[in-house]
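Enquirer: Supplied structure: structure_30.cif, mmCIF, C-alpha atoms.
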```cif
data_start
#
loop_
_atom_site.label_atom_id
_atom_site.label_comp_id
_atom_site.auth_asym_id
_atom_site.auth_seq_id
_atom_site.Cartn_x
_atom_site.Cartn_y
_atom_site.Cartn_z
CA LYS D 1 42.83 -31.51 13.25
CA ALA D 2 40.08 -31.26 10.64
CA GLY D 3 41.11 -31.51 7.00
CA VAL D 4 40.33 -29.22 4.10
CA THR D 5 36.61 -28.94 3.49
CA GLN D 6 34.91 -27.92 0.28
CA THR D 7 31.29 -27.07 -0.32
CA PRO D 8 29.21 -28.02 -2.11
CA ARG D 9 30.48 -31.47 -3.08
CA TYR D 10 28.33 -31.66 -6.20
CA LEU D 11 26.78 -28.96 -8.35
CA ILE D 12 24.82 -28.89 -11.60
CA LYS D 13 24.55 -25.61 -13.49
CA THR D 14 23.36 -24.45 -16.88
CA ARG D 15 25.49 -22.75 -19.52
CA GLY D 16 25.66 -19.01 -18.97
CA GLN D 17 25.10 -19.18 -15.21
CA GLN D 18 27.70 -18.37 -12.62
CA VAL D 19 28.85 -20.46 -9.67
CA THR D 20 30.68 -19.92 -6.38
CA LEU D 21 32.64 -22.67 -4.66
CA SER D 22 33.91 -22.53 -1.10
CA CYS D 23 37.01 -23.91 0.61
CA SER D 24 37.93 -23.96 4.30
CA PRO D 25 41.63 -24.73 4.83
CA ILE D 26 43.17 -26.67 7.69
CA SER D 27 43.21 -24.58 10.85
CA GLY D 28 46.37 -22.47 10.91
CA HIS D 29 47.01 -22.74 7.17
CA ARG D 30 47.07 -19.39 5.41
CA SER D 31 47.75 -20.43 1.82
CA VAL D 32 44.97 -21.75 -0.39
CA SER D 33 45.39 -22.95 -3.98
CA TRP D 34 42.70 -23.92 -6.46
CA TYR D 35 43.01 -26.52 -9.21
CA GLN D 36 40.78 -27.78 -12.01
CA GLN D 37 40.88 -31.51 -12.77
CA THR D 38 39.48 -32.95 -16.00
CA PRO D 39 40.07 -36.31 -17.71
CA GLY D 40 41.60 -34.63 -20.74
CA GLN D 41 43.82 -31.98 -19.15
CA GLY D 42 44.52 -33.48 -15.74
CA LEU D 43 45.15 -31.20 -12.78
CA GLN D 44 45.72 -27.57 -13.73
CA PHE D 45 46.58 -24.70 -11.41
CA LEU D 46 44.03 -21.88 -11.20
CA PHE D 47 45.37 -19.51 -8.52
CA GLU D 48 46.89 -19.25 -5.06
CA TYR D 49 45.93 -16.94 -2.22
CA PHE D 50 47.90 -16.05 0.88
CA SER D 51 46.81 -13.53 3.50
CA GLU D 52 43.88 -12.41 1.35
CA THR D 53 46.15 -11.62 -1.62
CA GLN D 54 46.38 -13.51 -4.89
CA ARG D 55 50.03 -14.52 -5.23
CA ASN D 56 49.97 -16.64 -8.36
CA LYS D 57 47.60 -17.23 -11.24
CA GLY D 58 47.45 -19.99 -13.81
CA ASN D 59 46.52 -19.72 -17.45
CA PHE D 60 42.74 -19.49 -17.19
CA PRO D 61 40.37 -16.84 -18.61
CA GLY D 62 39.13 -13.95 -16.52
CA ARG D 63 35.81 -15.76 -15.98
CA PHE D 64 37.62 -17.61 -13.22
CA SER D 65 38.22 -15.52 -10.13
CA GLY D 66 38.74 -16.03 -6.45
CA ARG D 67 39.18 -14.37 -3.13
CA GLN D 68 40.34 -15.14 0.38
CA PHE D 69 38.89 -13.90 3.61
CA SER D 70 40.65 -12.85 6.80
CA ASN D 71 39.96 -16.29 8.34
CA SER D 72 41.79 -17.89 5.35
CA ARG D 73 38.60 -19.36 3.89
CA SER D 74 38.54 -18.98 0.14
CA GLU D 75 35.95 -18.86 -2.61
CA MET D 76 36.29 -19.22 -6.33
CA ASN D 77 33.78 -17.92 -8.82
CA VAL D 78 33.19 -18.90 -12.42
CA SER D 79 31.00 -16.60 -14.47
CA THR D 80 29.23 -17.30 -17.77
CA LEU D 81 29.68 -21.05 -17.44
CA GLU D 82 30.63 -23.10 -20.49
CA LEU D 83 30.23 -26.83 -21.06
CA GLY D 84 34.01 -27.17 -20.89
CA ASP D 85 34.01 -25.90 -17.31
CA SER D 86 32.62 -29.24 -16.15
CA ALA D 87 35.33 -30.59 -13.88
CA LEU D 88 36.40 -31.48 -10.38
CA TYR D 89 37.56 -28.31 -8.63
CA LEU D 90 40.10 -28.99 -5.92
CA CYS D 91 41.29 -26.74 -3.16
CA ALA D 92 44.60 -27.28 -1.38
CA SER D 93 45.88 -25.61 1.76
CA SER D 94 49.39 -25.12 3.07
CA PRO D 95 50.86 -23.42 6.11
CA LEU D 96 53.28 -21.53 3.91
CA PRO D 97 53.00 -19.80 0.54
CA GLY D 98 55.16 -20.40 -2.47
CA LEU D 99 57.70 -23.14 -2.87
CA ALA D 100 59.70 -23.95 0.24
CA SER D 101 61.65 -27.19 -0.03
CA SER D 102 59.31 -28.81 2.46
CA TYR D 103 56.21 -27.39 0.84
CA GLU D 104 53.24 -29.62 1.41
CA GLN D 105 49.76 -29.23 0.03
CA TYR D 106 46.73 -30.85 1.61
CA PHE D 107 43.83 -31.30 -0.75
CA GLY D 108 40.12 -31.25 -0.05
CA PRO D 109 37.72 -33.79 -1.61
CA GLY D 110 36.76 -31.37 -4.37
CA THR D 111 33.55 -29.99 -5.84
CA ARG D 112 32.22 -31.85 -8.86
CA LEU D 113 30.73 -29.23 -11.21
CA THR D 114 28.58 -30.32 -14.14
CA VAL D 115 27.53 -27.74 -16.71
CA THR D 116 24.59 -28.69 -18.95
CA THR O 1 50.94 -29.77 -23.97
CA GLN O 2 51.66 -31.12 -20.48
CA LEU O 3 54.92 -30.12 -18.83
CA LEU O 4 55.11 -33.52 -17.12
CA GLU O 5 54.32 -36.75 -18.93
CA GLN O 6 53.60 -39.91 -16.97
CA SER O 7 53.81 -43.45 -18.24
CA PRO O 8 52.12 -45.75 -18.42
CA GLN O 9 48.74 -44.04 -18.46
CA PHE O 10 46.96 -47.20 -17.28
CA LEU O 11 48.35 -50.22 -15.47
CA SER O 12 46.54 -53.34 -14.33
CA ILE O 13 48.55 -55.95 -12.42
CA GLN O 14 48.09 -58.92 -10.13
CA GLU O 15 48.61 -58.66 -6.39
CA GLY O 16 52.22 -59.35 -5.48
CA GLU O 17 53.75 -58.03 -8.71
CA ASN O 18 56.22 -55.16 -8.88
CA LEU O 19 55.73 -52.05 -10.99
CA THR O 20 57.37 -48.76 -11.93
CA VAL O 21 55.68 -45.52 -12.91
CA TYR O 22 57.62 -42.81 -14.73
CA CYS O 23 57.31 -39.03 -14.70
CA ASN O 24 59.28 -37.26 -17.42
CA SER O 25 59.89 -33.70 -18.57
CA SER O 26 62.34 -31.61 -20.56
CA SER O 27 62.15 -28.95 -17.83
CA VAL O 28 64.05 -28.71 -14.57
CA PHE O 29 62.11 -28.65 -11.32
CA SER O 30 63.21 -27.42 -7.91
CA SER O 31 61.33 -30.26 -6.25
CA LEU O 32 58.96 -33.02 -7.19
CA GLN O 33 56.06 -34.57 -5.33
CA TRP O 34 54.07 -37.77 -5.75
CA TYR O 35 50.40 -38.02 -4.83
CA ARG O 36 47.81 -40.81 -4.82
CA GLN O 37 44.19 -40.01 -5.53
CA GLU O 38 41.26 -42.33 -4.92
CA PRO O 39 37.84 -41.92 -6.55
CA GLY O 40 35.81 -39.12 -5.01
CA GLU O 41 38.74 -37.79 -3.02
CA GLY O 42 41.47 -35.22 -3.43
CA PRO O 43 45.12 -36.21 -4.00
CA VAL O 44 47.09 -37.26 -0.92
CA LEU O 45 50.77 -36.36 -0.74
CA LEU O 46 53.08 -39.39 -0.60
CA VAL O 47 56.56 -37.86 -0.80
CA THR O 48 58.59 -34.78 -1.75
CA VAL O 49 62.03 -35.14 -3.36
CA VAL O 50 64.30 -32.14 -3.64
CA THR O 51 67.87 -33.17 -4.50
CA GLY O 52 68.91 -34.57 -7.89
CA GLY O 53 69.53 -38.31 -7.55
CA GLU O 54 67.62 -38.46 -4.26
CA VAL O 55 65.96 -41.76 -3.38
CA LYS O 56 63.25 -42.03 -0.74
CA LYS O 57 61.58 -45.17 0.52
CA LEU O 58 58.14 -45.36 2.07
CA LYS O 59 57.47 -48.97 3.06
CA ARG O 60 56.98 -50.78 -0.29
CA LEU O 61 57.22 -47.56 -2.34
CA THR O 62 60.55 -46.24 -3.64
CA PHE O 63 60.78 -42.77 -5.18
CA GLN O 64 63.72 -41.46 -7.18
CA PHE O 65 64.44 -37.96 -8.47
CA GLY O 66 66.56 -37.85 -11.63
CA ASP O 67 70.11 -36.49 -11.43
CA ALA O 68 69.16 -33.55 -13.66
CA ARG O 69 65.92 -32.95 -11.73
CA LYS O 70 63.84 -33.41 -14.88
CA ASP O 71 62.31 -36.79 -14.16
CA SER O 72 61.24 -39.14 -11.41
CA SER O 73 60.11 -42.69 -10.89
CA LEU O 74 57.91 -44.51 -8.42
CA HIS O 75 58.53 -48.21 -7.83
CA ILE O 76 56.07 -50.37 -5.90
CA THR O 77 57.18 -53.75 -4.61
CA ALA O 78 54.66 -56.54 -4.07
CA ALA O 79 51.64 -54.46 -4.99
CA GLN O 80 48.49 -54.83 -2.92
CA PRO O 81 44.85 -54.01 -3.77
CA GLY O 82 45.10 -51.03 -1.42
CA ASP O 83 47.64 -49.49 -3.79
CA THR O 84 44.90 -49.04 -6.39
CA GLY O 85 44.44 -45.41 -7.37
CA LEU O 86 45.57 -42.56 -9.57
CA TYR O 87 49.23 -41.67 -9.08
CA LEU O 88 50.20 -38.09 -9.88
CA CYS O 89 53.58 -36.44 -9.98
CA ALA O 90 53.87 -32.68 -9.52
CA GLY O 91 56.93 -30.57 -10.23
CA ALA O 92 57.68 -27.22 -8.61
CA ARG O 93 58.77 -24.62 -11.17
CA GLY O 94 58.59 -20.89 -10.76
CA ASN O 95 55.82 -20.09 -8.34
CA GLN O 96 53.56 -23.06 -8.94
CA PHE O 97 53.25 -26.80 -9.21
CA TYR O 98 52.71 -28.52 -12.54
CA PHE O 99 50.94 -31.86 -12.35
CA GLY O 100 51.62 -34.86 -14.53
CA THR O 101 49.07 -36.61 -16.70
CA GLY O 102 48.57 -39.36 -14.10
CA THR O 103 48.88 -43.14 -13.98
CA SER O 104 45.79 -45.13 -13.10
CA LEU O 105 46.84 -48.29 -11.24
CA THR O 106 44.57 -51.26 -10.59
CA VAL O 107 45.85 -54.13 -8.44
CA ILE O 108 43.78 -57.27 -8.87
CA PRO O 109 43.48 -59.55 -5.82
#
```
As a first step, turn the structure in this file into C-alpha coordinates.

Expert:
Amino acid sequence: KAGVTQTPRYLIKTRGQQVTLSCSPISGHRSVSWYQQTPGQGLQFLFEYFSETQRNKGNFPGRFSGRQFSNSRSEMNVSTLELGDSALYLCASSPLPGLASSYEQYFGPGTRLTVT
Amino acid sequence: TQLLEQSPQFLSIQEGENLTVYCNSSSVFSSLQWYRQEPGEGPVLLVTVVTGGEVKKLKRLTFQFGDARKDSSLHITAAQPGDTGLYLCAGARGNQFYFGTGTSLTVIP
(Lines of atoms letter the chains of each structure in order from A and count residues from 1; the text may use other names and numbers.)
(Lines give C-alpha, C1' and ligand atoms only; values in the text may rest on other atoms or scores of the structure.)
Protein backbone atom coordinates (compact mmCIF):
# COMPACT_ATOMS: atom_id res chain seq x y z
CA LYS A 1 0.00 0.00 0.00
CA ALA A 2 1.43 3.37 -1.00
CA GLY A 3 2.26 5.81 1.79
CA VAL A 4 1.25 9.42 2.24
CA THR A 5 2.46 11.58 -0.61
CA GLN A 6 3.00 15.32 -0.55
CA THR A 7 3.66 17.67 -3.42
CA PRO A 8 5.72 19.60 -4.07
CA ARG A 9 8.63 18.47 -1.90
CA TYR A 10 10.38 21.83 -2.06
CA LEU A 11 9.07 25.32 -2.71
CA ILE A 12 10.56 28.81 -2.69
CA LYS A 13 8.21 31.78 -2.50
CA THR A 14 8.49 35.51 -1.94
CA ARG A 15 6.92 37.45 0.91
CA GLY A 16 3.34 38.44 0.12
CA GLN A 17 2.70 35.56 -2.27
CA GLN A 18 0.37 32.68 -1.57
CA VAL A 19 1.06 28.96 -1.77
CA THR A 20 -0.95 25.73 -2.03
CA LEU A 21 0.39 22.41 -0.80
CA SER A 22 -1.13 19.04 -1.60
CA CYS A 23 -1.44 15.79 0.34
CA SER A 24 -2.69 12.38 -0.79
CA PRO A 25 -3.43 10.09 2.17
CA ILE A 26 -2.99 6.34 2.32
CA SER A 27 -5.72 4.59 0.35
CA GLY A 28 -8.75 4.07 2.60
CA HIS A 29 -7.73 6.73 5.12
CA ARG A 30 -10.29 9.50 5.50
CA SER A 31 -8.64 11.72 8.11
CA VAL A 32 -5.90 14.14 7.15
CA SER A 33 -4.01 16.40 9.57
CA TRP A 34 -1.54 19.15 8.77
CA TYR A 35 1.42 20.21 10.91
CA GLN A 36 4.08 22.91 10.70
CA GLN A 37 7.59 21.98 11.83
CA THR A 38 10.24 24.62 12.58
CA PRO A 39 13.50 24.40 14.54
CA GLY A 40 12.25 26.90 17.10
CA GLN A 41 8.67 25.75 17.68
CA GLY A 42 8.88 22.08 16.76
CA LEU A 43 5.82 20.32 15.36
CA GLN A 44 2.61 22.33 15.70
CA PHE A 45 -0.88 21.24 14.72
CA LEU A 46 -2.58 23.28 11.99
CA PHE A 47 -5.88 21.49 11.31
CA GLU A 48 -7.57 18.15 10.74
CA TYR A 49 -10.07 17.17 8.06
CA PHE A 50 -12.38 14.18 7.96
CA SER A 51 -14.95 13.52 5.26
CA GLU A 52 -14.37 16.96 3.72
CA THR A 53 -15.08 18.74 7.03
CA GLN A 54 -12.60 20.54 9.23
CA ARG A 55 -12.87 18.88 12.64
CA ASN A 56 -10.12 20.60 14.58
CA LYS A 57 -7.99 23.69 14.19
CA GLY A 58 -4.78 24.73 15.88
CA ASN A 59 -3.73 28.18 16.93
CA PHE A 60 -2.68 29.65 13.59
CA PRO A 61 -3.85 32.87 11.88
CA GLY A 62 -6.57 32.86 9.26
CA ARG A 63 -3.93 33.08 6.51
CA PHE A 64 -3.63 29.33 6.92
CA SER A 65 -6.54 27.41 5.46
CA GLY A 66 -7.24 23.99 4.08
CA ARG A 67 -9.77 21.77 2.44
CA GLN A 68 -10.41 18.13 1.73
CA PHE A 69 -11.88 16.60 -1.37
CA SER A 70 -14.28 13.70 -1.73
CA ASN A 71 -11.36 11.34 -2.51
CA SER A 72 -9.77 12.37 0.85
CA ARG A 73 -6.95 14.29 -0.81
CA SER A 74 -6.27 17.52 1.01
CA GLU A 75 -4.74 20.89 0.25
CA MET A 76 -3.55 23.63 2.52
CA ASN A 77 -3.18 27.23 1.48
CA VAL A 78 -1.13 30.01 3.02
CA SER A 79 -1.89 33.52 1.84
CA THR A 80 0.24 36.66 2.19
CA LEU A 81 3.36 34.69 3.05
CA GLU A 82 5.68 35.95 5.78
CA LEU A 83 9.33 35.07 6.39
CA GLY A 84 8.26 33.21 9.52
CA ASP A 85 6.17 30.81 7.45
CA SER A 86 9.35 29.11 6.27
CA ALA A 87 9.01 25.58 7.60
CA LEU A 88 8.50 21.92 6.84
CA TYR A 89 4.78 21.29 6.35
CA LEU A 90 3.78 17.76 7.20
CA CYS A 91 0.61 15.92 6.37
CA ALA A 92 -0.54 12.86 8.31
CA SER A 93 -3.32 10.46 7.47
CA SER A 94 -5.34 8.12 9.64
CA PRO A 95 -8.19 5.71 9.01
CA LEU A 96 -10.15 7.25 11.86
CA PRO A 97 -10.70 10.81 13.06
CA GLY A 98 -10.13 12.12 16.53
CA LEU A 99 -8.45 10.27 19.34
CA ALA A 100 -9.25 6.57 19.55
CA SER A 101 -6.95 4.66 21.89
CA SER A 102 -5.34 2.97 18.92
CA TYR A 103 -5.10 6.15 16.91
CA GLU A 104 -2.20 6.04 14.51
CA GLN A 105 -0.97 8.77 12.25
CA TYR A 106 1.13 8.11 9.17
CA PHE A 107 3.18 11.05 8.04
CA GLY A 108 4.24 12.06 4.56
CA PRO A 109 7.78 13.31 3.80
CA GLY A 110 6.68 16.93 4.01
CA THR A 111 6.95 20.02 1.84
CA ARG A 112 9.90 22.29 2.61
CA LEU A 113 8.68 25.88 2.12
CA THR A 114 11.20 28.72 2.03
CA VAL A 115 9.93 32.30 2.03
CA THR A 116 12.41 34.96 0.89
CA THR B 1 5.48 27.58 25.76
CA GLN B 2 5.51 23.89 24.79
CA LEU B 3 3.04 21.59 26.49
CA LEU B 4 5.56 18.75 26.36
CA GLU B 5 9.23 19.25 27.19
CA GLN B 6 11.79 16.68 26.12
CA SER B 7 15.24 16.19 27.57
CA PRO B 8 17.95 16.12 26.65
CA GLN B 9 17.60 18.25 23.54
CA PHE B 10 20.75 16.77 21.99
CA LEU B 11 22.49 13.49 22.74
CA SER B 12 25.63 12.05 21.18
CA ILE B 13 26.76 8.61 22.33
CA GLN B 14 28.99 5.74 21.27
CA GLU B 15 27.57 2.59 19.72
CA GLY B 16 26.69 0.06 22.40
CA GLU B 17 25.82 2.57 25.12
CA ASN B 18 22.43 2.84 26.78
CA LEU B 19 20.36 6.02 26.92
CA THR B 20 17.08 7.42 28.21
CA VAL B 21 15.02 10.24 26.74
CA TYR B 22 12.39 12.00 28.84
CA CYS B 23 9.10 13.63 27.90
CA ASN B 24 7.54 15.73 30.66
CA SER B 25 4.44 17.85 31.14
CA SER B 26 2.23 19.29 33.86
CA SER B 27 -0.82 18.22 31.82
CA VAL B 28 -2.57 14.87 31.69
CA PHE B 29 -2.81 13.07 28.37
CA SER B 30 -5.20 10.32 27.31
CA SER B 31 -2.42 8.62 25.37
CA LEU B 32 1.13 9.26 24.35
CA GLN B 33 3.05 8.34 21.23
CA TRP B 34 6.72 8.22 20.34
CA TYR B 35 8.00 8.90 16.83
CA ARG B 36 11.40 8.86 15.14
CA GLN B 37 12.14 11.27 12.34
CA GLU B 38 15.09 11.07 9.97
CA PRO B 39 16.35 13.99 7.87
CA GLY B 40 14.15 14.72 4.89
CA GLU B 41 11.39 12.41 6.09
CA GLY B 42 8.23 12.64 8.13
CA PRO B 43 8.00 11.17 11.66
CA VAL B 44 7.43 7.42 11.90
CA LEU B 45 5.28 6.10 14.73
CA LEU B 46 7.16 3.79 17.13
CA VAL B 47 4.62 3.12 19.88
CA THR B 48 1.39 4.28 21.54
CA VAL B 49 0.94 4.00 25.31
CA VAL B 50 -2.48 4.49 26.84
CA THR B 51 -2.58 3.28 30.45
CA GLY B 52 -0.78 5.04 33.32
CA GLY B 53 2.27 2.99 34.31
CA GLU B 54 2.20 1.06 31.04
CA VAL B 55 5.51 -0.30 29.76
CA LYS B 56 6.01 -1.43 26.17
CA LYS B 57 9.08 -3.01 24.67
CA LEU B 58 10.04 -2.91 21.02
CA LYS B 59 13.25 -4.89 20.57
CA ARG B 60 15.94 -2.70 22.21
CA LEU B 61 13.50 0.17 22.91
CA THR B 62 11.50 0.37 26.14
CA PHE B 63 8.72 2.92 26.53
CA GLN B 64 7.04 3.85 29.80
CA PHE B 65 3.99 6.02 30.46
CA GLY B 66 3.99 7.74 33.85
CA ASP B 67 1.47 6.64 36.49
CA ALA B 68 -0.25 10.04 36.33
CA ARG B 69 -0.17 10.07 32.52
CA LYS B 70 1.81 13.32 32.49
CA ASP B 71 5.19 12.01 31.42
CA SER B 72 6.95 9.27 29.51
CA SER B 73 10.39 7.89 28.91
CA LEU B 74 12.14 6.06 26.10
CA HIS B 75 15.09 3.83 26.96
CA ILE B 76 17.38 2.41 24.28
CA THR B 77 19.68 -0.47 25.13
CA ALA B 78 22.93 -0.98 23.22
CA ALA B 79 22.37 1.88 20.81
CA GLN B 80 23.26 1.36 17.16
CA PRO B 81 24.02 3.91 14.41
CA GLY B 82 20.63 3.09 12.88
CA ASP B 83 18.99 4.58 15.97
CA THR B 84 20.23 8.02 14.94
CA GLY B 85 17.39 10.48 14.44
CA LEU B 86 15.02 12.95 16.03
CA TYR B 87 12.81 11.38 18.68
CA LEU B 88 9.47 13.07 19.29
CA CYS B 89 6.83 12.41 21.89
CA ALA B 90 3.22 13.42 21.24
CA GLY B 91 0.44 13.57 23.80
CA ALA B 92 -3.25 13.30 23.00
CA ARG B 93 -5.29 15.97 24.79
CA GLY B 94 -8.69 17.22 23.78
CA ASN B 95 -9.08 16.74 20.07
CA GLN B 96 -5.46 16.97 19.00
CA PHE B 97 -1.92 15.81 19.53
CA TYR B 98 0.71 18.05 21.10
CA PHE B 99 4.27 17.29 20.10
CA GLY B 100 7.30 17.56 22.32
CA THR B 101 10.35 19.69 21.62
CA GLY B 102 12.30 16.67 20.32
CA THR B 103 15.56 14.91 21.18
CA SER B 104 18.19 14.69 18.48
CA LEU B 105 20.17 11.46 18.95
CA THR B 106 23.45 10.68 17.22
CA VAL B 107 25.01 7.24 17.68
CA ILE B 108 28.67 7.19 16.72
CA PRO B 109 30.02 3.91 15.28

Enquirer: Report the distance between CA of Val4 in chain D and CA of Ile26 in chain D in Å, rounded to one decimal place.

Expert: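 Going from CA of Val4 in chain D over to CA of Ile26 in chain D covers 5.2 Å.
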
Enquirer: Nearest to chain D: which of O:Cys23, O:Pro39, O:Val107, O:Asp71 is it, counting only C-alpha atoms?

Expert: O:Pro39

Enquirer: Which distance in Å separates CA of Ser72 in chain D and CA of Gly42 in chain O, to one decimal?

Expert: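 Interatomic distance, CA of Ser72 in chain D to CA of Gly42 in chain O: 19.4 Å.
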
Enquirer: Evaluate the PyMOL selection byres ((chain D) within 10 of (chain O)) against this structure - the residues, as a ChimeraX atom specification, please.

Expert: /D:4,9,33,39-48,55-58,88-92,97-112

Enquirer: Can you tell me which residues surround Gly16 in chain O at a distance of at most 12 Å, considering all atoms listed in the file, apart from same-chain residues fewer than 6 positions away, and format the answer as an mmCIF file with C-alpha atoms, keeping the file's coordinate frame?

Expert:
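Result written to part.cif:
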```cif
data_model
loop_
_atom_site.group_PDB
_atom_site.id
_atom_site.type_symbol
_atom_site.label_atom_id
_atom_site.label_comp_id
_atom_site.auth_asym_id
_atom_site.auth_seq_id
_atom_site.Cartn_x
_atom_site.Cartn_y
_atom_site.Cartn_z
ATOM 1 C CA ARG O 60 56.980 -50.780 -0.290
ATOM 2 C CA ILE O 76 56.070 -50.370 -5.900
ATOM 3 C CA THR O 77 57.180 -53.750 -4.610
ATOM 4 C CA ALA O 78 54.660 -56.540 -4.070
ATOM 5 C CA ALA O 79 51.640 -54.460 -4.990
ATOM 6 C CA GLN O 80 48.490 -54.830 -2.920
ATOM 7 C CA PRO O 81 44.850 -54.010 -3.770
ATOM 8 C CA GLY O 82 45.100 -51.030 -1.420
ATOM 9 C CA ASP O 83 47.640 -49.490 -3.790
ATOM 10 C CA VAL O 107 45.850 -54.130 -8.440
ATOM 11 C CA ILE O 108 43.780 -57.270 -8.870
ATOM 12 C CA PRO O 109 43.480 -59.550 -5.820
#
```

Enquirer: Run the PyMOL selection byres ((chain D and resi 30) around 7) against the file shown and list the residues it catches, as a PDB file with C-alpha atoms, in the frame of the given file.

Expert:
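What ended up in expr.pdb:
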```
ATOM      1  CA  GLY D  28      46.370 -22.470  10.910  1.00  0.00           C
ATOM      2  CA  HIS D  29      47.010 -22.740   7.170  1.00  0.00           C
ATOM      3  CA  SER D  31      47.750 -20.430   1.820  1.00  0.00           C
ATOM      4  CA  VAL D  32      44.970 -21.750  -0.390  1.00  0.00           C
ATOM      5  CA  PHE D  50      47.900 -16.050   0.880  1.00  0.00           C
ATOM      6  CA  SER D  51      46.810 -13.530   3.500  1.00  0.00           C
ATOM      7  CA  SER D  72      41.790 -17.890   5.350  1.00  0.00           C
ATOM      8  CA  SER D  94      49.390 -25.120   3.070  1.00  0.00           C
ATOM      9  CA  PRO D  95      50.860 -23.420   6.110  1.00  0.00           C
ATOM     10  CA  LEU D  96      53.280 -21.530   3.910  1.00  0.00           C
TER      11      LEU D  96
END
```

Enquirer: Report the distance between CA of Gly62 in chain D and CA of Leu11 in chain D in Å, rounded to one decimal place.

Expert: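 Atom-to-atom, CA of Gly62 in chain D to CA of Leu11 in chain D, that is 21.1 Å.
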
Enquirer: Given the file shown, determine the residues that the PyMOL selection byres ((chain O and resi 7-9) around 12) selects; report them as a PyMOL selection string.

Expert: (chain D and resi 39+42) or (chain O and resi 4-6+10-12+19-25+71-74+85-89+100-106)

Enquirer: Of the residues O:Leu3, O:Val55, O:Ala68, O:Leu61, which is the one nearest to Asn18 in chain O, using only C-alpha atoms?

Expert: O:Leu61
